[in-house]
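What follows is one structure encoded as structure tokens, with my remarks underneath.
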Amino acid sequence: MIIRFTAAVVLTTASANAYAQPAEGGPLQAVDVFAFDYATDPQISPDGERIAYQRRTNDIMTDSTRSGLWVIAYDGEDHRPIAAEDGSASGPAWSPDSSRVAYAFSKDGESSLRVAWPGEARSAVVASLPAGPSQIAWSPDGEWIAFVMFEAGEEPQVDIGLPDQPEGADWAPPAMIDEDLRYHADGIGEIPAGSQQAYVVSSDGGTPRKLTSITSGGISGLSWGADSMTLYYSHGALAETGWDFREADIFSVTLGGEIAQVTDYPGGEYNPQVSPDGQSLAFTHGPRSELSNMDAQLMVRALDGGDPRQLLADLDRPVAGFAWDGNRDLFVQIEDAGHMVLGRTSVRGGDFNRLTDAIGGTTTGRPYTSGSFSASDNGRWAATVASPYKLADVGVGTRRGVRGEITALSADTLGRRELAQIERFTWESSADGLEIEGWIAYPPGFDPDGSYPMILEIHGGPHTAYGPQFSAEVQLMASAGYVVFYTNPRGSTSYGMEFANLIDDDYPGQDVDDLLSGIDALVARGFIDEDRLFVTGGSGGGVLTAELIGNDERFAAAAVGKPVINWTSFFLHADLAPVMNYWFERPVWEDPQEYWRRSPLADVANVTTPTLVFVGSEDRRTPVSESEQYFQALQLLGVESRFVRIQGAPHGIAGASPVRLLQKVGHILAWFEEHDPGAEAEE
């Protein structure tokens, strides 16, 4: 259910009702992607009077997404950019007295930490930096600003006896040398030597001082103690623990550089937040487990020690974020049945009191759950709020509930298009009768008495979730005349730990049955042409797409995106090799038959479906070699196939740039049109 805001709120850019007005320009067009304008990272001031947020806008001239910072009053008035400079700004953080906003700024390859005075259109450089700052946090007394920044280290060198290079000689660059498991990462490529460190600088400007000397792993969740002398942070994924992303502990560091370990529980502790009175520490915890999915739990304990208590232990939903509400209670964001939900709970124990399930709208490509919020000292909050028909706007509320939306950033684009209508749809899986949830996107002008082609679009992860969110890819497919069906088969998050782990050590498995029975249930409604069924998905969705066409011949064509095709090669090539410890019972050298059994490549000889294979050329998550194996196998078998590499794109193709999003969707639709048995009849 989408929350309807009822309170009257002043909007500065357009009426919120603009999204519900009759369309003026027909269905969504490819060019509309360049007009997307949406909010991320809304940060409400401590006094609750203003919200600073990152405004993301696509640029047709540079094929990029520009990031600027804007500020708006809680009542929707006085909406303006924080600073007028060109460049990229991010990570807004309010000073304790709500008078200034610190933020990260970059331009032409140079980075800095800056402070702006909202409403005055001026800013000052606090520190020029060798790399971009993140996790910016003010001390409670306003005198210090802490941040995290990457500190470059020395690359490994080996003396191999090369002669001296003559002056002016043009030699090949040195060989790249790595000596541990984490040597590359998707979206980065080769990981440079060095580590993240915590720094502090005077809020009046000066030379930053490094507080930590970390040699491996990462820092997250900077939080100041009430004394303005101590910082708390989470440190995990260490080389000495095999880069295990499920192991992390909370530490403290003083301004004098004295470090102490605060937690040491089995598993990972993340995102420490000190209570306003300085007495308690809240954090999320992932217990030590060998299951492929482990949901984050919300914990609280006395700052000076003692056993932690789990809040909302009976909720059985992943905690996606939390913040103290200004007293001793907490706002909490959870993922529930394809929705991001904001609610509130007491540290003394009690229920989760829902405020809104409309959090989201910060991913433009596919309809994944997303979004974030922040809270003020007086119990107000600001969040990214969205719907199936718009991207994220800034919404606000209090401990009691929702006040309303105070921006309408994409009303002038999405509000004037005839968008696909979204309907929730459930069915019983043919595997065991389990109820599965999905959504149907109807093409504009849909006639229930007509007959339509259908695209099944499958999410990745596999432990992620789709929901009733705006999706450029889904909307563009629907605009092309397809009924688009997207679902949360078993393994998806937001339905509880048991549901997510039904594919533990068995993926792909009965999630395939969930999808096929969903198609059967949708076809039974009478408006789908069974000869015009198509299927696509990326990453984990690419795995399932390949698995479907390797075991079923009902599809007219398929588009397999950035898949895992061979679990053995993936295990030994992808940038997240430590993850595989949780997806298989044993490493590949101990059980190669199981890796082959679960590989879609094992069924490739059964494929007769015309198949497009696509991948980003810089993908390190599901490496390009996975797609190459599948395409070459299809070619050798004589299956009609095409291989598309989106140049310069990492794993997240749609997020790489607007044009790359359009290239991805365009190639999928072109392939389906070429193999649509009903296309000529429609013409």
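Chain labels A, B, ... are given in the sequence in which chains occur in the structure tokens; within each chain residues are numbered consecutively from 1, and ligands are likewise numbered from 1 in the order shown.
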
Exercise: stretch 342-351 of chain A partners within 6 Å, only C-alpha atoms, chain neighbours under 4 positions left out, as an NGL selection string: :A and (329-333 or 355-356)

Could you take the residues named above and write them with all heavy atoms, as a PDB file, in the first residue's frame?
ATOM      1  N   ASP A 329      14.470   7.091  22.378  1.00  0.00           N
ATOM      2  CA  ASP A 329      13.854   6.118  21.505  1.00  0.00           C
ATOM      3  C   ASP A 329      14.439   6.248  20.104  1.00  0.00           C
ATOM      4  O   ASP A 329      15.244   7.143  19.835  1.00  0.00           O
ATOM      5  CB  ASP A 329      12.335   6.296  21.492  1.00  0.00           C
ATOM      6  CG  ASP A 329      11.715   5.949  22.846  1.00  0.00           C
ATOM      7  OD1 ASP A 329      12.308   5.115  23.568  1.00  0.00           O
ATOM      8  OD2 ASP A 329      10.660   6.511  23.186  1.00  0.00           O
ATOM      9  N   LEU A 330      14.000   5.366  19.195  1.00  0.00           N
ATOM     10  CA  LEU A 330      14.651   5.264  17.896  1.00  0.00           C
ATOM     11  C   LEU A 330      13.645   5.263  16.749  1.00  0.00           C
ATOM     12  O   LEU A 330      12.602   4.593  16.825  1.00  0.00           O
ATOM     13  CB  LEU A 330      15.470   3.971  17.816  1.00  0.00           C
ATOM     14  CG  LEU A 330      16.694   3.874  18.732  1.00  0.00           C
ATOM     15  CD1 LEU A 330      17.100   2.419  18.886  1.00  0.00           C
ATOM     16  CD2 LEU A 330      17.845   4.688  18.174  1.00  0.00           C
ATOM     17  N   PHE A 331      13.969   6.017  15.701  1.00  0.00           N
ATOM     18  CA  PHE A 331      13.349   5.791  14.406  1.00  0.00           C
ATOM     19  C   PHE A 331      14.108   4.636  13.750  1.00  0.00           C
ATOM     20  O   PHE A 331      15.336   4.557  13.836  1.00  0.00           O
ATOM     21  CB  PHE A 331      13.460   7.030  13.521  1.00  0.00           C
ATOM     22  CG  PHE A 331      12.598   8.182  13.962  1.00  0.00           C
ATOM     23  CD1 PHE A 331      13.176   9.350  14.438  1.00  0.00           C
ATOM     24  CD2 PHE A 331      11.213   8.107  13.875  1.00  0.00           C
ATOM     25  CE1 PHE A 331      12.394  10.422  14.831  1.00  0.00           C
ATOM     26  CE2 PHE A 331      10.420   9.177  14.264  1.00  0.00           C
ATOM     27  CZ  PHE A 331      11.003  10.330  14.752  1.00  0.00           C
ATOM     28  N   VAL A 332      13.372   3.753  13.070  1.00  0.00           N
ATOM     29  CA  VAL A 332      13.986   2.571  12.465  1.00  0.00           C
ATOM     30  C   VAL A 332      13.428   2.377  11.060  1.00  0.00           C
ATOM     31  O   VAL A 332      12.217   2.501  10.834  1.00  0.00           O
ATOM     32  CB  VAL A 332      13.714   1.303  13.301  1.00  0.00           C
ATOM     33  CG1 VAL A 332      14.475   0.108  12.710  1.00  0.00           C
ATOM     34  CG2 VAL A 332      14.099   1.513  14.757  1.00  0.00           C
ATOM     35  N   GLN A 333      14.311   2.080  10.120  1.00  0.00           N
ATOM     36  CA  GLN A 333      13.916   1.763   8.749  1.00  0.00           C
ATOM     37  C   GLN A 333      14.114   0.275   8.517  1.00  0.00           C
ATOM     38  O   GLN A 333      15.200  -0.255   8.756  1.00  0.00           O
ATOM     39  CB  GLN A 333      14.747   2.569   7.761  1.00  0.00           C
ATOM     40  CG  GLN A 333      14.404   2.342   6.289  1.00  0.00           C
ATOM     41  CD  GLN A 333      15.236   3.212   5.373  1.00  0.00           C
ATOM     42  OE1 GLN A 333      15.471   4.384   5.643  1.00  0.00           O
ATOM     43  NE2 GLN A 333      15.687   2.640   4.266  1.00  0.00           N
ATOM     44  N   LEU A 355       5.273   4.384  10.416  1.00  0.00           N
ATOM     45  CA  LEU A 355       4.963   5.758  10.059  1.00  0.00           C
ATOM     46  C   LEU A 355       4.658   5.900   8.569  1.00  0.00           C
ATOM     47  O   LEU A 355       3.734   6.591   8.184  1.00  0.00           O
ATOM     48  CB  LEU A 355       6.127   6.670  10.442  1.00  0.00           C
ATOM     49  CG  LEU A 355       6.476   6.719  11.933  1.00  0.00           C
ATOM     50  CD1 LEU A 355       7.760   7.500  12.152  1.00  0.00           C
ATOM     51  CD2 LEU A 355       5.338   7.335  12.728  1.00  0.00           C
ATOM     52  N   THR A 356       5.464   5.269   7.722  1.00  0.00           N
ATOM     53  CA  THR A 356       5.226   5.289   6.280  1.00  0.00           C
ATOM     54  C   THR A 356       5.956   4.122   5.628  1.00  0.00           C
ATOM     55  O   THR A 356       7.026   3.709   6.085  1.00  0.00           O
ATOM     56  CB  THR A 356       5.699   6.612   5.643  1.00  0.00           C
ATOM     57  OG1 THR A 356       5.510   6.539   4.221  1.00  0.00           O
ATOM     58  CG2 THR A 356       7.168   6.877   5.922  1.00  0.00           C
TER      59      THR A 356
END

Could you build a table of the residues in stretch 564-590 of chain A lying no more than 10 Å from stretch 600-607 of chain A, giving for each the nearest pair of atoms and their separation in Å rounded to one decimal place, using only C-alpha atoms, ordered by chain and ascending residue number, as JSON lines?
{"residue": "A:Val564", "atom": "CA", "partner": "A:Pro600", "partner_atom": "CA", "distance": 7.9}
{"residue": "A:Ile565", "atom": "CA", "partner": "A:Pro600", "partner_atom": "CA", "distance": 5.2}
{"residue": "A:Asn566", "atom": "CA", "partner": "A:Leu601", "partner_atom": "CA", "distance": 6.0}
{"residue": "A:Trp567", "atom": "CA", "partner": "A:Pro600", "partner_atom": "CA", "distance": 8.8}

Emit the selected residues as a PDB file, in the first residue's frame, including all heavy atoms.
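Saved as out23.pdb:
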ATOM      1  N   VAL A 564      26.082 -15.192 -13.738  1.00  0.00           N
ATOM      2  CA  VAL A 564      27.028 -16.233 -13.331  1.00  0.00           C
ATOM      3  C   VAL A 564      26.607 -17.474 -14.108  1.00  0.00           C
ATOM      4  O   VAL A 564      25.491 -17.961 -13.953  1.00  0.00           O
ATOM      5  CB  VAL A 564      26.976 -16.515 -11.823  1.00  0.00           C
ATOM      6  CG1 VAL A 564      27.916 -17.670 -11.476  1.00  0.00           C
ATOM      7  CG2 VAL A 564      27.333 -15.272 -11.025  1.00  0.00           C
ATOM      8  N   ILE A 565      27.483 -17.972 -14.943  1.00  0.00           N
ATOM      9  CA  ILE A 565      27.182 -19.118 -15.790  1.00  0.00           C
ATOM     10  C   ILE A 565      27.908 -20.360 -15.306  1.00  0.00           C
ATOM     11  O   ILE A 565      27.414 -21.471 -15.396  1.00  0.00           O
ATOM     12  CB  ILE A 565      27.580 -18.796 -17.254  1.00  0.00           C
ATOM     13  CG1 ILE A 565      26.618 -17.760 -17.829  1.00  0.00           C
ATOM     14  CG2 ILE A 565      27.612 -20.040 -18.114  1.00  0.00           C
ATOM     15  CD1 ILE A 565      25.166 -18.177 -17.829  1.00  0.00           C
ATOM     16  N   ASN A 566      29.088 -20.150 -14.742  1.00  0.00           N
ATOM     17  CA  ASN A 566      29.933 -21.254 -14.301  1.00  0.00           C
ATOM     18  C   ASN A 566      30.401 -20.920 -12.886  1.00  0.00           C
ATOM     19  O   ASN A 566      31.245 -20.040 -12.691  1.00  0.00           O
ATOM     20  CB  ASN A 566      31.122 -21.398 -15.265  1.00  0.00           C
ATOM     21  CG  ASN A 566      32.028 -22.555 -14.915  1.00  0.00           C
ATOM     22  OD1 ASN A 566      32.066 -23.017 -13.782  1.00  0.00           O
ATOM     23  ND2 ASN A 566      32.781 -23.016 -15.897  1.00  0.00           N
ATOM     24  N   TRP A 567      29.861 -21.594 -11.882  1.00  0.00           N
ATOM     25  CA  TRP A 567      30.171 -21.232 -10.498  1.00  0.00           C
ATOM     26  C   TRP A 567      31.645 -21.449 -10.158  1.00  0.00           C
ATOM     27  O   TRP A 567      32.190 -20.766  -9.287  1.00  0.00           O
ATOM     28  CB  TRP A 567      29.290 -22.025  -9.532  1.00  0.00           C
ATOM     29  CG  TRP A 567      27.870 -21.545  -9.496  1.00  0.00           C
ATOM     30  CD1 TRP A 567      26.773 -22.174 -10.016  1.00  0.00           C
ATOM     31  CD2 TRP A 567      27.387 -20.321  -8.930  1.00  0.00           C
ATOM     32  NE1 TRP A 567      25.643 -21.418  -9.809  1.00  0.00           N
ATOM     33  CE2 TRP A 567      25.987 -20.279  -9.140  1.00  0.00           C
ATOM     34  CE3 TRP A 567      28.002 -19.257  -8.270  1.00  0.00           C
ATOM     35  CZ2 TRP A 567      25.198 -19.214  -8.705  1.00  0.00           C
ATOM     36  CZ3 TRP A 567      27.216 -18.199  -7.842  1.00  0.00           C
ATOM     37  CH2 TRP A 567      25.838 -18.179  -8.062  1.00  0.00           C
TER      38      TRP A 567
END

Test item: residues at most 9 Å from stretch 656-659 of chain A, only C-alpha atoms, excluding those fewer than 5 positions along its chain, as a list in words: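 These residues fall inside the cut-off: Val33, Phe34, Asn58, Asp59, Ile60, Asp63, Ser64, Thr65, Gly648, Ala649, Pro650, His651 and Lys664 of chain A.
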
From A:Ser370, A:Thr398, A:Ser223, A:Thr536, residue lying nearest A:Gly467 [only C-alpha atoms]: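 Closest candidate: A:Ser370.
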
Nearby residues (only C-alpha atoms) at most 6 Å from A:Arg380, same-chain spacing under 5 positions excluded, as a list of chain:residue names: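 So the residues in contact are A:Gly48, A:Ala375, A:Gly397, A:Thr398.
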
Selected residues written out with all heavy atoms, as a PDB file, in the first residue's frame:
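Listing of again_4.pdb after writing:
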ATOM      1  N   GLY A  48      15.370  20.789  13.491  1.00  0.00           N
ATOM      2  CA  GLY A  48      14.212  20.338  12.736  1.00  0.00           C
ATOM      3  C   GLY A  48      13.621  21.351  11.786  1.00  0.00           C
ATOM      4  O   GLY A  48      12.537  21.122  11.233  1.00  0.00           O
ATOM      5  N   ALA A 375      16.981  12.107  11.323  1.00  0.00           N
ATOM      6  CA  ALA A 375      16.109  12.602  12.390  1.00  0.00           C
ATOM      7  C   ALA A 375      16.739  13.804  13.078  1.00  0.00           C
ATOM      8  O   ALA A 375      17.969  13.934  13.152  1.00  0.00           O
ATOM      9  CB  ALA A 375      15.840  11.493  13.410  1.00  0.00           C
ATOM     10  N   GLY A 397       8.108  14.375   8.565  1.00  0.00           N
ATOM     11  CA  GLY A 397       7.126  13.948   9.539  1.00  0.00           C
ATOM     12  C   GLY A 397       7.656  14.091  10.951  1.00  0.00           C
ATOM     13  O   GLY A 397       8.724  14.675  11.186  1.00  0.00           O
ATOM     14  N   THR A 398       6.911  13.541  11.887  1.00  0.00           N
ATOM     15  CA  THR A 398       7.249  13.606  13.302  1.00  0.00           C
ATOM     16  C   THR A 398       7.134  12.221  13.910  1.00  0.00           C
ATOM     17  O   THR A 398       6.873  11.240  13.211  1.00  0.00           O
ATOM     18  CB  THR A 398       6.292  14.553  14.047  1.00  0.00           C
ATOM     19  OG1 THR A 398       4.972  13.960  14.065  1.00  0.00           O
ATOM     20  CG2 THR A 398       6.227  15.919  13.362  1.00  0.00           C
TER      21      THR A 398
END

Residue contacts of stretch 389-391 of chain A (7 Å, only C-alpha atoms) excluding same-chain residues fewer than 4 positions away, as a VMD selection string: chain A and resid 38 361 to 362 410 414 419 470

Selection above as a file: N, CA, C and O atoms, as a compact mmCIF listing (two decimals), in the first residue's frame:
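selection.txt, freshly written:
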# COMPACT_ATOMS: atom_id res chain seq x y z
N TYR A 38 15.93 13.91 -8.86
CA TYR A 38 15.43 13.25 -7.65
C TYR A 38 16.35 13.52 -6.47
O TYR A 38 17.48 13.99 -6.62
N GLY A 361 12.87 5.28 -4.06
CA GLY A 361 13.00 6.16 -5.20
C GLY A 361 14.39 6.65 -5.53
O GLY A 361 14.55 7.60 -6.30
N THR A 362 15.44 6.01 -4.98
CA THR A 362 16.80 6.50 -5.24
C THR A 362 17.58 5.63 -6.22
O THR A 362 18.77 5.83 -6.42
N SER A 410 10.40 15.71 -10.01
CA SER A 410 10.25 15.23 -11.38
C SER A 410 8.82 15.34 -11.89
O SER A 410 8.46 14.70 -12.87
N LEU A 414 7.84 13.22 -15.23
CA LEU A 414 7.05 12.01 -15.02
C LEU A 414 5.57 12.33 -14.83
O LEU A 414 4.70 11.53 -15.20
N LEU A 419 2.15 6.86 -17.59
CA LEU A 419 3.02 5.79 -17.11
C LEU A 419 2.25 4.48 -16.99
O LEU A 419 1.02 4.45 -16.85
N PHE A 470 9.26 3.28 -8.79
CA PHE A 470 9.45 3.71 -10.16
C PHE A 470 10.69 3.04 -10.74
O PHE A 470 11.73 2.95 -10.08

Picked from stretch 275-523 of chain A by DSSP as strand (DSSP E or B), as JSON, numbers by chain: {"A": [280, 281, 282, 283, 284, 285, 286, 287, 297, 298, 299, 300, 301, 302, 309, 310, 311, 319, 320, 321, 322, 323, 324, 329, 330, 331, 332, 333, 334, 335, 336, 339, 340, 341, 342, 343, 344, 345, 346, 353, 354, 355, 356, 357, 358, 359, 368, 373, 374, 375, 380, 381, 382, 383, 384, 385, 386, 387, 390, 391, 392, 393, 394, 395, 396, 397, 398, 401, 402, 403, 404, 405, 421, 422, 423, 424, 425, 426, 427, 428, 435, 436, 437, 438, 439, 440, 441, 442, 452, 453, 454, 455, 456, 457, 458, 466, 483, 484, 485, 486, 487, 488]}

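Atom CA of A:Gly616 to atom CA of A:Phe571 spans 19.0 Å [interatomic distance, one decimal].
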
Surrounding residues of stretch 427-442 of chain A excluding itself and chain neighbours under 4 positions, 7 Å, only C-alpha atoms, as a list in words: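 After dropping sequence-adjacent residues, the list is Ala420, Gln421, Ile422, Glu423, Phe446, Ala478, Val483, Val484, Phe485, Tyr486, Thr487, Asn488, Pro489, Gln510, Asp513, Asp514, Ser517, Gly518 and Ala521 of chain A.
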
Selected residue, from A:Ile406, A:Val253, A:Ala282, A:Val644, that lies nearest to A:Arg309 when counting only C-alpha atoms: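 Of A:Ile406, A:Val253, A:Ala282, A:Val644, the one nearest A:Arg309 is A:Ala282, counting only C-alpha atoms.
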
Non-local contacts of A:Val201 (6 Å; only C-alpha atoms; under 5 positions in same chain excluded) as a ChimeraX atom specification: /A:144-145,208

Dump as a short mmCIF file (atom, residue, chain, number, x, y, z; two decimals), in the first residue's frame, selection limited to N, CA and C atoms:
data_model
loop_
_atom_site.label_atom_id
_atom_site.label_comp_id
_atom_site.auth_asym_id
_atom_site.auth_seq_id
_atom_site.Cartn_x
_atom_site.Cartn_y
_atom_site.Cartn_z
N TRP A 144 34.73 20.47 15.96
CA TRP A 144 35.48 19.53 15.12
C TRP A 144 34.57 18.92 14.07
N ILE A 145 35.18 18.58 12.94
CA ILE A 145 34.49 17.81 11.91
C ILE A 145 35.32 16.56 11.64
N PRO A 208 43.94 18.68 8.52
CA PRO A 208 43.32 17.51 9.12
C PRO A 208 44.35 16.66 9.85
#

Closest of A:Ala386, A:Ile455, A:Val579, A:Val402 to A:Gly537 - atom-to-atom distances counting only C-alpha atoms: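 Going through A:Ala386, A:Ile455, A:Val579, A:Val402 one by one, the smallest distance to A:Gly537 is for A:Ile455.
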
Separation of atom CA of A:Ala239 from atom CA of A:Ser216, in Å and rounded to one decimal: 5.9 Å

Which residues of stretch 487-574 of chain A have any atom within 12 Å of an atom in stretch 176-183 of chain A when counting only C-alpha atoms, and what is the closest pair of atoms for each, with the distance in Å to one decimal? Order the rows by chain and rising number and write it as CSV.
residue,atom,partner,partner_atom,distance
A:Phe571,CA,A:Leu181,CA,12.0
A:Leu572,CA,A:Leu181,CA,10.2
A:His573,CA,A:Leu181,CA,10.4
A:Ala574,CA,A:Arg182,CA,10.1

Output N, CA and C atoms for every residue in that selection, as an mmCIF file, in the first residue's frame.
data_model
loop_
_atom_site.group_PDB
_atom_site.id
_atom_site.type_symbol
_atom_site.label_atom_id
_atom_site.label_comp_id
_atom_site.auth_asym_id
_atom_site.auth_seq_id
_atom_site.Cartn_x
_atom_site.Cartn_y
_atom_site.Cartn_z
ATOM 1 N N PHE A 571 33.688 -18.305 -8.783
ATOM 2 C CA PHE A 571 34.298 -18.417 -7.451
ATOM 3 C C PHE A 571 35.741 -17.932 -7.462
ATOM 4 N N LEU A 572 36.465 -18.229 -8.548
ATOM 5 C CA LEU A 572 37.892 -17.943 -8.606
ATOM 6 C C LEU A 572 38.234 -16.681 -9.401
ATOM 7 N N HIS A 573 37.209 -15.891 -9.753
ATOM 8 C CA HIS A 573 37.477 -14.728 -10.588
ATOM 9 C C HIS A 573 36.797 -13.459 -10.090
ATOM 10 N N ALA A 574 35.617 -13.570 -9.491
ATOM 11 C CA ALA A 574 34.840 -12.391 -9.119
ATOM 12 C C ALA A 574 35.497 -11.612 -7.986
#

Backbone DSSP call of helix (DSSP H, G or I) for stretch 239-484 of chain A, listed as a ChimeraX atom specification: /A:239-241,414-416,472-479

Counting only C-alpha atoms, the option among A:Arg597, A:Asp529, A:Ala465, A:Tyr507 closest to A:Gly450: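 Using only C-alpha atoms, the shortest distance to A:Gly450 belongs to A:Asp529.
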